[in-house]
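Structure file my_file.txt (compact mmCIF, N, CA and C atoms) is printed below.
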```
# COMPACT_ATOMS: atom_id res chain seq x y z
N MET A 1443 128.40 82.79 136.35
CA MET A 1443 129.67 83.35 136.74
C MET A 1443 129.49 84.09 138.04
N LYS A 1444 130.61 84.22 138.76
CA LYS A 1444 130.57 84.81 140.09
C LYS A 1444 131.95 85.41 140.39
N LEU A 1445 131.96 86.37 141.29
CA LEU A 1445 133.22 86.98 141.72
C LEU A 1445 134.01 86.02 142.60
N LYS A 1446 135.32 86.14 142.57
CA LYS A 1446 136.16 85.39 143.48
C LYS A 1446 135.94 85.90 144.90
N GLU A 1447 136.20 85.06 145.85
CA GLU A 1447 136.15 85.45 147.26
C GLU A 1447 137.34 86.36 147.56
N GLY A 1448 137.23 87.17 148.58
CA GLY A 1448 138.37 87.95 149.02
C GLY A 1448 138.38 89.40 148.57
N PHE A 1449 137.23 89.91 148.14
CA PHE A 1449 137.14 91.31 147.76
C PHE A 1449 135.97 91.96 148.50
N ILE A 1450 136.18 93.18 148.95
CA ILE A 1450 135.18 93.91 149.71
C ILE A 1450 134.82 95.19 148.95
N LEU A 1451 133.54 95.42 148.77
CA LEU A 1451 133.05 96.63 148.12
C LEU A 1451 132.74 97.65 149.20
N ARG A 1452 133.35 98.84 149.12
CA ARG A 1452 133.15 99.87 150.13
C ARG A 1452 133.03 101.24 149.47
N GLU A 1453 132.35 102.13 150.17
CA GLU A 1453 132.31 103.53 149.74
C GLU A 1453 133.29 104.30 150.61
N ILE A 1454 134.25 104.94 149.96
CA ILE A 1454 135.28 105.69 150.66
C ILE A 1454 135.38 107.07 150.03
N ALA A 1455 135.18 108.08 150.82
CA ALA A 1455 135.28 109.48 150.36
C ALA A 1455 134.45 109.72 149.10
N GLY A 1456 133.25 109.16 149.08
CA GLY A 1456 132.36 109.38 147.94
C GLY A 1456 132.63 108.51 146.73
N ASN A 1457 133.62 107.63 146.82
CA ASN A 1457 133.95 106.72 145.72
C ASN A 1457 133.64 105.28 146.13
N THR A 1458 133.17 104.48 145.19
CA THR A 1458 132.95 103.06 145.44
C THR A 1458 134.20 102.33 145.01
N VAL A 1459 134.81 101.63 145.96
CA VAL A 1459 136.06 100.92 145.68
C VAL A 1459 135.94 99.45 146.05
N VAL A 1460 136.72 98.64 145.36
CA VAL A 1460 136.85 97.23 145.67
C VAL A 1460 138.23 97.05 146.28
N ILE A 1461 138.24 96.48 147.48
CA ILE A 1461 139.48 96.32 148.22
C ILE A 1461 139.75 94.82 148.40
N PRO A 1462 140.94 94.36 148.06
CA PRO A 1462 141.27 92.95 148.30
C PRO A 1462 141.46 92.69 149.79
N SER A 1463 141.12 91.48 150.21
CA SER A 1463 141.32 91.11 151.61
C SER A 1463 141.78 89.67 151.69
N GLY A 1464 142.22 89.27 152.84
CA GLY A 1464 142.64 87.88 153.05
C GLY A 1464 143.80 87.49 152.16
N ASP A 1465 143.68 86.34 151.51
CA ASP A 1465 144.75 85.80 150.66
C ASP A 1465 144.98 86.64 149.41
N THR A 1466 144.01 87.49 149.05
CA THR A 1466 144.14 88.32 147.84
C THR A 1466 144.62 89.72 148.19
N MET A 1467 145.32 89.87 149.30
CA MET A 1467 145.71 91.18 149.80
C MET A 1467 146.80 91.84 148.96
N ASP A 1468 146.54 92.02 147.69
CA ASP A 1468 147.42 92.72 146.77
C ASP A 1468 146.76 94.05 146.45
N LEU A 1469 147.27 95.13 147.01
CA LEU A 1469 146.63 96.44 146.83
C LEU A 1469 146.65 96.92 145.40
N ASN A 1470 147.44 96.28 144.54
CA ASN A 1470 147.38 96.61 143.12
C ASN A 1470 146.05 96.19 142.51
N MET A 1471 145.31 95.34 143.23
CA MET A 1471 144.01 94.88 142.75
C MET A 1471 142.88 95.78 143.23
N MET A 1472 143.18 96.86 143.93
CA MET A 1472 142.15 97.79 144.38
C MET A 1472 141.67 98.59 143.18
N ILE A 1473 140.34 98.66 142.98
CA ILE A 1473 139.79 99.38 141.85
C ILE A 1473 138.66 100.30 142.31
N THR A 1474 138.40 101.32 141.54
CA THR A 1474 137.28 102.23 141.78
C THR A 1474 136.22 101.93 140.73
N LEU A 1475 134.97 101.86 141.17
CA LEU A 1475 133.86 101.57 140.26
C LEU A 1475 132.92 102.77 140.17
N ASN A 1476 132.36 102.97 138.97
CA ASN A 1476 131.30 103.97 138.85
C ASN A 1476 130.00 103.32 139.33
N GLY A 1477 128.90 104.05 139.26
CA GLY A 1477 127.63 103.54 139.77
C GLY A 1477 127.18 102.26 139.08
N THR A 1478 127.34 102.21 137.78
CA THR A 1478 126.94 101.02 137.02
C THR A 1478 127.83 99.83 137.38
N GLY A 1479 129.13 100.09 137.49
CA GLY A 1479 130.06 99.02 137.86
C GLY A 1479 129.74 98.47 139.25
N ALA A 1480 129.43 99.34 140.19
CA ALA A 1480 129.08 98.90 141.54
C ALA A 1480 127.79 98.07 141.51
N PHE A 1481 126.83 98.51 140.71
CA PHE A 1481 125.56 97.79 140.56
C PHE A 1481 125.81 96.38 140.04
N LEU A 1482 126.61 96.27 138.99
CA LEU A 1482 126.91 94.96 138.41
C LEU A 1482 127.75 94.11 139.38
N TRP A 1483 128.69 94.74 140.07
CA TRP A 1483 129.53 94.01 141.04
C TRP A 1483 128.66 93.34 142.08
N LYS A 1484 127.68 94.07 142.61
CA LYS A 1484 126.79 93.51 143.62
C LYS A 1484 126.00 92.33 143.07
N LYS A 1485 125.60 92.40 141.82
CA LYS A 1485 124.87 91.29 141.19
C LYS A 1485 125.77 90.06 141.06
N LEU A 1486 127.05 90.28 140.86
CA LEU A 1486 127.99 89.17 140.67
C LEU A 1486 128.47 88.55 141.98
N GLU A 1487 128.02 89.08 143.11
CA GLU A 1487 128.38 88.48 144.39
C GLU A 1487 127.71 87.11 144.54
N ALA A 1488 126.63 86.90 143.79
CA ALA A 1488 125.98 85.59 143.72
C ALA A 1488 126.16 85.08 142.29
N GLU A 1489 125.99 83.79 142.11
CA GLU A 1489 126.12 83.20 140.77
C GLU A 1489 125.11 83.86 139.83
N THR A 1490 125.59 84.44 138.74
CA THR A 1490 124.74 85.20 137.83
C THR A 1490 125.19 84.97 136.39
N GLU A 1491 124.24 84.88 135.51
CA GLU A 1491 124.52 84.73 134.08
C GLU A 1491 124.58 86.11 133.43
N PRO A 1492 125.36 86.26 132.36
CA PRO A 1492 125.46 87.55 131.68
C PRO A 1492 124.10 88.14 131.28
N GLN A 1493 123.18 87.31 130.80
CA GLN A 1493 121.87 87.83 130.39
C GLN A 1493 121.11 88.40 131.58
N ALA A 1494 121.29 87.81 132.76
CA ALA A 1494 120.63 88.34 133.96
C ALA A 1494 121.19 89.72 134.30
N LEU A 1495 122.47 89.94 134.04
CA LEU A 1495 123.07 91.26 134.26
C LEU A 1495 122.49 92.28 133.28
N VAL A 1496 122.34 91.86 132.03
CA VAL A 1496 121.74 92.74 131.02
C VAL A 1496 120.31 93.10 131.44
N ASP A 1497 119.54 92.09 131.85
CA ASP A 1497 118.16 92.33 132.27
C ASP A 1497 118.10 93.27 133.47
N ALA A 1498 119.03 93.11 134.41
CA ALA A 1498 119.06 93.98 135.59
C ALA A 1498 119.36 95.42 135.19
N LEU A 1499 120.30 95.61 134.25
CA LEU A 1499 120.60 96.97 133.78
C LEU A 1499 119.39 97.60 133.11
N LEU A 1500 118.69 96.82 132.31
CA LEU A 1500 117.50 97.33 131.62
C LEU A 1500 116.41 97.74 132.61
N GLU A 1501 116.32 97.01 133.72
CA GLU A 1501 115.33 97.32 134.74
C GLU A 1501 115.71 98.56 135.55
N GLU A 1502 116.99 98.71 135.82
CA GLU A 1502 117.47 99.77 136.71
C GLU A 1502 117.75 101.09 136.00
N TYR A 1503 118.24 101.02 134.77
CA TYR A 1503 118.68 102.21 134.05
C TYR A 1503 117.89 102.38 132.75
N GLU A 1504 117.86 103.58 132.25
CA GLU A 1504 117.22 103.85 130.97
C GLU A 1504 118.25 103.69 129.85
N VAL A 1505 118.43 102.45 129.44
CA VAL A 1505 119.38 102.12 128.37
C VAL A 1505 118.71 101.16 127.40
N THR A 1506 119.27 101.09 126.20
CA THR A 1506 118.76 100.13 125.23
C THR A 1506 119.35 98.75 125.51
N GLN A 1507 118.74 97.76 124.91
CA GLN A 1507 119.24 96.39 125.03
C GLN A 1507 120.69 96.32 124.54
N GLU A 1508 120.97 96.98 123.42
CA GLU A 1508 122.32 96.97 122.86
C GLU A 1508 123.32 97.63 123.81
N GLN A 1509 122.96 98.77 124.40
CA GLN A 1509 123.85 99.44 125.34
C GLN A 1509 124.12 98.56 126.55
N ALA A 1510 123.07 97.95 127.06
CA ALA A 1510 123.21 97.07 128.23
C ALA A 1510 124.13 95.89 127.92
N LYS A 1511 123.96 95.27 126.76
CA LYS A 1511 124.81 94.13 126.38
C LYS A 1511 126.26 94.55 126.26
N LYS A 1512 126.50 95.70 125.63
CA LYS A 1512 127.88 96.19 125.47
C LYS A 1512 128.51 96.50 126.82
N SER A 1513 127.74 97.14 127.71
CA SER A 1513 128.25 97.49 129.03
C SER A 1513 128.60 96.25 129.83
N VAL A 1514 127.72 95.27 129.81
CA VAL A 1514 127.98 94.03 130.54
C VAL A 1514 129.19 93.31 129.96
N ALA A 1515 129.27 93.21 128.65
CA ALA A 1515 130.40 92.52 128.02
C ALA A 1515 131.72 93.21 128.38
N LYS A 1516 131.74 94.52 128.32
CA LYS A 1516 132.97 95.26 128.64
C LYS A 1516 133.35 95.08 130.11
N PHE A 1517 132.37 95.17 131.00
CA PHE A 1517 132.64 95.02 132.43
C PHE A 1517 133.16 93.62 132.73
N LEU A 1518 132.51 92.60 132.18
CA LEU A 1518 132.96 91.22 132.42
C LEU A 1518 134.35 90.98 131.85
N GLU A 1519 134.64 91.54 130.71
CA GLU A 1519 135.98 91.40 130.11
C GLU A 1519 137.04 92.00 131.03
N GLN A 1520 136.76 93.17 131.58
CA GLN A 1520 137.70 93.82 132.49
C GLN A 1520 137.90 92.98 133.75
N LEU A 1521 136.81 92.41 134.26
CA LEU A 1521 136.93 91.55 135.45
C LEU A 1521 137.78 90.31 135.14
N LYS A 1522 137.56 89.71 133.97
CA LYS A 1522 138.35 88.53 133.57
C LYS A 1522 139.82 88.89 133.42
N GLU A 1523 140.10 90.00 132.75
CA GLU A 1523 141.49 90.42 132.54
C GLU A 1523 142.22 90.63 133.86
N ASN A 1524 141.49 91.09 134.87
CA ASN A 1524 142.10 91.39 136.17
C ASN A 1524 141.92 90.26 137.18
N ASP A 1525 141.42 89.12 136.72
CA ASP A 1525 141.29 87.90 137.53
C ASP A 1525 140.37 88.08 138.75
N PHE A 1526 139.24 88.75 138.56
CA PHE A 1526 138.28 88.94 139.63
C PHE A 1526 137.17 87.89 139.62
N LEU A 1527 137.05 87.11 138.54
CA LEU A 1527 135.96 86.13 138.43
C LEU A 1527 136.42 84.75 138.86
N ALA A 1528 135.52 84.04 139.52
CA ALA A 1528 135.82 82.67 139.98
C ALA A 1528 135.72 81.70 138.82
```

Using structure tokens, write down the structure from this file.
Amino acid sequence: MKLKEGFILREIAGNTVVIPSGDTMDLNMMITLNGTGAFLWKKLEAETEPQALVDALLEEYEVTQEQAKKSVAKFLEQLKENDFLA
């Protein structure tokens, strides 16, 4: 899975935000991400499988396998609901 084209990840006033650009220029699609969300977003800029995201979280953060799986599942569900995935 991978993110759709047309979104830019930026840090603005200490917040990490995703801004739509180009054909996706709907500002209602602008979102703010926490540190974990930004980390996962960057991983999804290239084709990535859910298990690779779980593995990356386990490497980067001190979380259990179960916590990492739940976090990834929730994040991916939110991206799907908001039509951010290709």

> Can you list every residue in chain A that DSSP puts in strand (DSSP E or B), as a VMD selection string?
Replying inline: chain A and resid 1445 1449 to 1454 1457 to 1462 1473 to 1475 1527

> Which one is closest to A:Thr1490: A:Glu1453, A:Leu1527, A:Glu1519, A:Val1459? Count only C-alpha atoms.
Replying inline: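 Under the stated criterion, the closest residue is A:Leu1527.
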
> Suppose you want the space between atom C of A:Leu1518 and atom N of A:Pro1462; what is it in Å?
Replying inline: 17.8 Å

Distance query 6.5 Å from (141.1, 95.3, 140.8) using all atoms listed in the file, result as an mmCIF file with N, CA and C atoms, in the coordinates of the input:
```
data_model
loop_
_atom_site.group_PDB
_atom_site.id
_atom_site.type_symbol
_atom_site.label_atom_id
_atom_site.label_comp_id
_atom_site.auth_asym_id
_atom_site.auth_seq_id
_atom_site.Cartn_x
_atom_site.Cartn_y
_atom_site.Cartn_z
ATOM 1 N N VAL A 1460 136.720 98.640 145.360
ATOM 2 C CA VAL A 1460 136.850 97.230 145.670
ATOM 3 C C VAL A 1460 138.230 97.050 146.280
ATOM 4 N N ASN A 1470 147.440 96.280 144.540
ATOM 5 C CA ASN A 1470 147.380 96.610 143.120
ATOM 6 C C ASN A 1470 146.050 96.190 142.510
ATOM 7 N N MET A 1471 145.310 95.340 143.230
ATOM 8 C CA MET A 1471 144.010 94.880 142.750
ATOM 9 C C MET A 1471 142.880 95.780 143.230
ATOM 10 N N MET A 1472 143.180 96.860 143.930
ATOM 11 C CA MET A 1472 142.150 97.790 144.380
ATOM 12 C C MET A 1472 141.670 98.590 143.180
ATOM 13 N N ILE A 1473 140.340 98.660 142.980
ATOM 14 C CA ILE A 1473 139.790 99.380 141.850
ATOM 15 C C ILE A 1473 138.660 100.300 142.310
ATOM 16 N N ASN A 1524 141.490 91.090 134.870
ATOM 17 C CA ASN A 1524 142.100 91.390 136.170
ATOM 18 C C ASN A 1524 141.920 90.260 137.180
#
```

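You will find atom CA of A:Lys1512 at 9.0 Å from atom CA of A:Val1496.
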
> atom CA of A:Glu1447 to atom CA of A:Ser1513: how many Å, to one decimal?
Replying inline: 23.2 Å

Once you add 6 Å to each side, what are the centre and edge lengths of the axis-aligned box holding all listed atoms of stretch 1452-1464 of chain A? One decimal in Å, as JSON, if you can.
```
{"center_x": 138.1, "center_y": 98.6, "center_z": 149.0, "size_x": 23.5, "size_y": 34.2, "size_z": 20.0}
```

Please tell me which residues are no farther than 8 Å from (131.1, 84.2, 141.5) in the file, counting all atoms listed in the file, and write them as a PDB file with N, CA and C atoms, keeping the file's coordinate frame.
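Output file part-v3.pdb is given in full below:
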```pdb
ATOM      1  N   MET A1443     128.400  82.790 136.350  1.00  0.00           N
ATOM      2  CA  MET A1443     129.670  83.350 136.740  1.00  0.00           C
ATOM      3  C   MET A1443     129.490  84.090 138.040  1.00  0.00           C
ATOM      4  N   LYS A1444     130.610  84.220 138.760  1.00  0.00           N
ATOM      5  CA  LYS A1444     130.570  84.810 140.090  1.00  0.00           C
ATOM      6  C   LYS A1444     131.950  85.410 140.390  1.00  0.00           C
ATOM      7  N   LEU A1445     131.960  86.370 141.290  1.00  0.00           N
ATOM      8  CA  LEU A1445     133.220  86.980 141.720  1.00  0.00           C
ATOM      9  C   LEU A1445     134.010  86.020 142.600  1.00  0.00           C
ATOM     10  N   LYS A1446     135.320  86.140 142.570  1.00  0.00           N
ATOM     11  CA  LYS A1446     136.160  85.390 143.480  1.00  0.00           C
ATOM     12  C   LYS A1446     135.940  85.900 144.900  1.00  0.00           C
ATOM     13  N   GLU A1447     136.200  85.060 145.850  1.00  0.00           N
ATOM     14  CA  GLU A1447     136.150  85.450 147.260  1.00  0.00           C
ATOM     15  C   GLU A1447     137.340  86.360 147.560  1.00  0.00           C
ATOM     16  N   LYS A1485     125.600  92.400 141.820  1.00  0.00           N
ATOM     17  CA  LYS A1485     124.870  91.290 141.190  1.00  0.00           C
ATOM     18  C   LYS A1485     125.770  90.060 141.060  1.00  0.00           C
ATOM     19  N   LEU A1486     127.050  90.280 140.860  1.00  0.00           N
ATOM     20  CA  LEU A1486     127.990  89.170 140.670  1.00  0.00           C
ATOM     21  C   LEU A1486     128.470  88.550 141.980  1.00  0.00           C
ATOM     22  N   GLU A1487     128.020  89.080 143.110  1.00  0.00           N
ATOM     23  CA  GLU A1487     128.380  88.480 144.390  1.00  0.00           C
ATOM     24  C   GLU A1487     127.710  87.110 144.540  1.00  0.00           C
ATOM     25  N   ALA A1488     126.630  86.900 143.790  1.00  0.00           N
ATOM     26  CA  ALA A1488     125.980  85.590 143.720  1.00  0.00           C
ATOM     27  C   ALA A1488     126.160  85.080 142.290  1.00  0.00           C
ATOM     28  N   GLU A1489     125.990  83.790 142.110  1.00  0.00           N
ATOM     29  CA  GLU A1489     126.120  83.200 140.770  1.00  0.00           C
ATOM     30  C   GLU A1489     125.110  83.860 139.830  1.00  0.00           C
ATOM     31  N   THR A1490     125.590  84.440 138.740  1.00  0.00           N
ATOM     32  CA  THR A1490     124.740  85.200 137.830  1.00  0.00           C
ATOM     33  C   THR A1490     125.190  84.970 136.390  1.00  0.00           C
ATOM     34  N   PHE A1526     139.240  88.750 138.560  1.00  0.00           N
ATOM     35  CA  PHE A1526     138.280  88.940 139.630  1.00  0.00           C
ATOM     36  C   PHE A1526     137.170  87.890 139.620  1.00  0.00           C
ATOM     37  N   LEU A1527     137.050  87.110 138.540  1.00  0.00           N
ATOM     38  CA  LEU A1527     135.960  86.130 138.430  1.00  0.00           C
ATOM     39  C   LEU A1527     136.420  84.750 138.860  1.00  0.00           C
ATOM     40  N   ALA A1528     135.520  84.040 139.520  1.00  0.00           N
ATOM     41  CA  ALA A1528     135.820  82.670 139.980  1.00  0.00           C
ATOM     42  C   ALA A1528     135.720  81.700 138.820  1.00  0.00           C
TER      43      ALA A1528
END
```

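Of the residues under consideration (A:Val1514, A:Leu1451, A:Glu1491, A:Gln1507), A:Val1514 shows the shortest atom-to-atom contact distance to A:Thr1478 when counting only C-alpha atoms.
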
>> So, with all atoms listed in the file as the atoms that count, which of A:Lys1511, A:Phe1517, A:Val1505, A:Thr1458 lies closest to A:Asn1476?
In response: A:Thr1458

Show me, as a short mmCIF file (atom, residue, chain, number, x, y, z; two decimals) with N, CA and C atoms, in the coordinates of the input, the residues that have an atom within 8 Å of A:Ala1515 when counting all atoms listed in the file, minus same-chain residues fewer than 6 positions from it.
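Written file, part37.cif:
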```cif
data_model
loop_
_atom_site.label_atom_id
_atom_site.label_comp_id
_atom_site.auth_asym_id
_atom_site.auth_seq_id
_atom_site.Cartn_x
_atom_site.Cartn_y
_atom_site.Cartn_z
N PRO A 1492 125.36 86.26 132.36
CA PRO A 1492 125.46 87.55 131.68
C PRO A 1492 124.10 88.14 131.28
N VAL A 1496 122.34 91.86 132.03
CA VAL A 1496 121.74 92.74 131.02
C VAL A 1496 120.31 93.10 131.44
N GLN A 1509 122.96 98.77 124.40
CA GLN A 1509 123.85 99.44 125.34
C GLN A 1509 124.12 98.56 126.55
N LEU A 1521 136.81 92.41 134.26
CA LEU A 1521 136.93 91.55 135.45
C LEU A 1521 137.78 90.31 135.14
#
```

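For the set A:Gly1448, A:Ile1461, A:Lys1516, A:Asp1525, the residue with the smallest atom-to-atom gap to A:Thr1474 is A:Ile1461, counting only N, CA and C atoms.
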
From chain A, collect each residue whose DSSP state is alpha helix (DSSP H) and return the set as a CSV table (one decimal) with N, CA and C atoms, in the frame of the given file.
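And here's result.csv as it stands now:
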```csv
chain,number,residue,atom,x,y,z
A,1477,GLY,N,128.9,104.0,139.3
A,1477,GLY,CA,127.6,103.5,139.8
A,1477,GLY,C,127.2,102.3,139.1
A,1478,THR,N,127.3,102.2,137.8
A,1478,THR,CA,126.9,101.0,137.0
A,1478,THR,C,127.8,99.8,137.4
A,1479,GLY,N,129.1,100.1,137.5
A,1479,GLY,CA,130.1,99.0,137.9
A,1479,GLY,C,129.7,98.5,139.2
A,1480,ALA,N,129.4,99.3,140.2
A,1480,ALA,CA,129.1,98.9,141.5
A,1480,ALA,C,127.8,98.1,141.5
A,1481,PHE,N,126.8,98.5,140.7
A,1481,PHE,CA,125.6,97.8,140.6
A,1481,PHE,C,125.8,96.4,140.0
A,1482,LEU,N,126.6,96.3,139.0
A,1482,LEU,CA,126.9,95.0,138.4
A,1482,LEU,C,127.8,94.1,139.4
A,1483,TRP,N,128.7,94.7,140.1
A,1483,TRP,CA,129.5,94.0,141.0
A,1483,TRP,C,128.7,93.3,142.1
A,1484,LYS,N,127.7,94.1,142.6
A,1484,LYS,CA,126.8,93.5,143.6
A,1484,LYS,C,126.0,92.3,143.1
A,1485,LYS,N,125.6,92.4,141.8
A,1485,LYS,CA,124.9,91.3,141.2
A,1485,LYS,C,125.8,90.1,141.1
A,1492,PRO,N,125.4,86.3,132.4
A,1492,PRO,CA,125.5,87.6,131.7
A,1492,PRO,C,124.1,88.1,131.3
A,1493,GLN,N,123.2,87.3,130.8
A,1493,GLN,CA,121.9,87.8,130.4
A,1493,GLN,C,121.1,88.4,131.6
A,1494,ALA,N,121.3,87.8,132.8
A,1494,ALA,CA,120.6,88.3,134.0
A,1494,ALA,C,121.2,89.7,134.3
A,1495,LEU,N,122.5,89.9,134.0
A,1495,LEU,CA,123.1,91.3,134.3
A,1495,LEU,C,122.5,92.3,133.3
A,1496,VAL,N,122.3,91.9,132.0
A,1496,VAL,CA,121.7,92.7,131.0
A,1496,VAL,C,120.3,93.1,131.4
A,1497,ASP,N,119.5,92.1,131.8
A,1497,ASP,CA,118.2,92.3,132.3
A,1497,ASP,C,118.1,93.3,133.5
A,1498,ALA,N,119.0,93.1,134.4
A,1498,ALA,CA,119.1,94.0,135.6
A,1498,ALA,C,119.4,95.4,135.2
A,1499,LEU,N,120.3,95.6,134.2
A,1499,LEU,CA,120.6,97.0,133.8
A,1499,LEU,C,119.4,97.6,133.1
A,1500,LEU,N,118.7,96.8,132.3
A,1500,LEU,CA,117.5,97.3,131.6
A,1500,LEU,C,116.4,97.7,132.6
A,1501,GLU,N,116.3,97.0,133.7
A,1501,GLU,CA,115.3,97.3,134.7
A,1501,GLU,C,115.7,98.6,135.6
A,1502,GLU,N,117.0,98.7,135.8
A,1502,GLU,CA,117.5,99.8,136.7
A,1502,GLU,C,117.8,101.1,136.0
A,1507,GLN,N,118.7,97.8,124.9
A,1507,GLN,CA,119.2,96.4,125.0
A,1507,GLN,C,120.7,96.3,124.5
A,1508,GLU,N,121.0,97.0,123.4
A,1508,GLU,CA,122.3,97.0,122.9
A,1508,GLU,C,123.3,97.6,123.8
A,1509,GLN,N,123.0,98.8,124.4
A,1509,GLN,CA,123.8,99.4,125.3
A,1509,GLN,C,124.1,98.6,126.6
A,1510,ALA,N,123.1,98.0,127.1
A,1510,ALA,CA,123.2,97.1,128.2
A,1510,ALA,C,124.1,95.9,127.9
A,1511,LYS,N,124.0,95.3,126.8
A,1511,LYS,CA,124.8,94.1,126.4
A,1511,LYS,C,126.3,94.6,126.3
A,1512,LYS,N,126.5,95.7,125.6
A,1512,LYS,CA,127.9,96.2,125.5
A,1512,LYS,C,128.5,96.5,126.8
A,1513,SER,N,127.7,97.1,127.7
A,1513,SER,CA,128.2,97.5,129.0
A,1513,SER,C,128.6,96.2,129.8
A,1514,VAL,N,127.7,95.3,129.8
A,1514,VAL,CA,128.0,94.0,130.5
A,1514,VAL,C,129.2,93.3,130.0
A,1515,ALA,N,129.3,93.2,128.6
A,1515,ALA,CA,130.4,92.5,128.0
A,1515,ALA,C,131.7,93.2,128.4
A,1516,LYS,N,131.7,94.5,128.3
A,1516,LYS,CA,133.0,95.3,128.6
A,1516,LYS,C,133.4,95.1,130.1
A,1517,PHE,N,132.4,95.2,131.0
A,1517,PHE,CA,132.6,95.0,132.4
A,1517,PHE,C,133.2,93.6,132.7
A,1518,LEU,N,132.5,92.6,132.2
A,1518,LEU,CA,133.0,91.2,132.4
A,1518,LEU,C,134.4,91.0,131.8
A,1519,GLU,N,134.6,91.5,130.7
A,1519,GLU,CA,136.0,91.4,130.1
A,1519,GLU,C,137.0,92.0,131.0
A,1520,GLN,N,136.8,93.2,131.6
A,1520,GLN,CA,137.7,93.8,132.5
A,1520,GLN,C,137.9,93.0,133.8
A,1521,LEU,N,136.8,92.4,134.3
A,1521,LEU,CA,136.9,91.6,135.4
A,1521,LEU,C,137.8,90.3,135.1
A,1522,LYS,N,137.6,89.7,134.0
A,1522,LYS,CA,138.4,88.5,133.6
A,1522,LYS,C,139.8,88.9,133.4
A,1523,GLU,N,140.1,90.0,132.8
A,1523,GLU,CA,141.5,90.4,132.5
A,1523,GLU,C,142.2,90.6,133.9
```
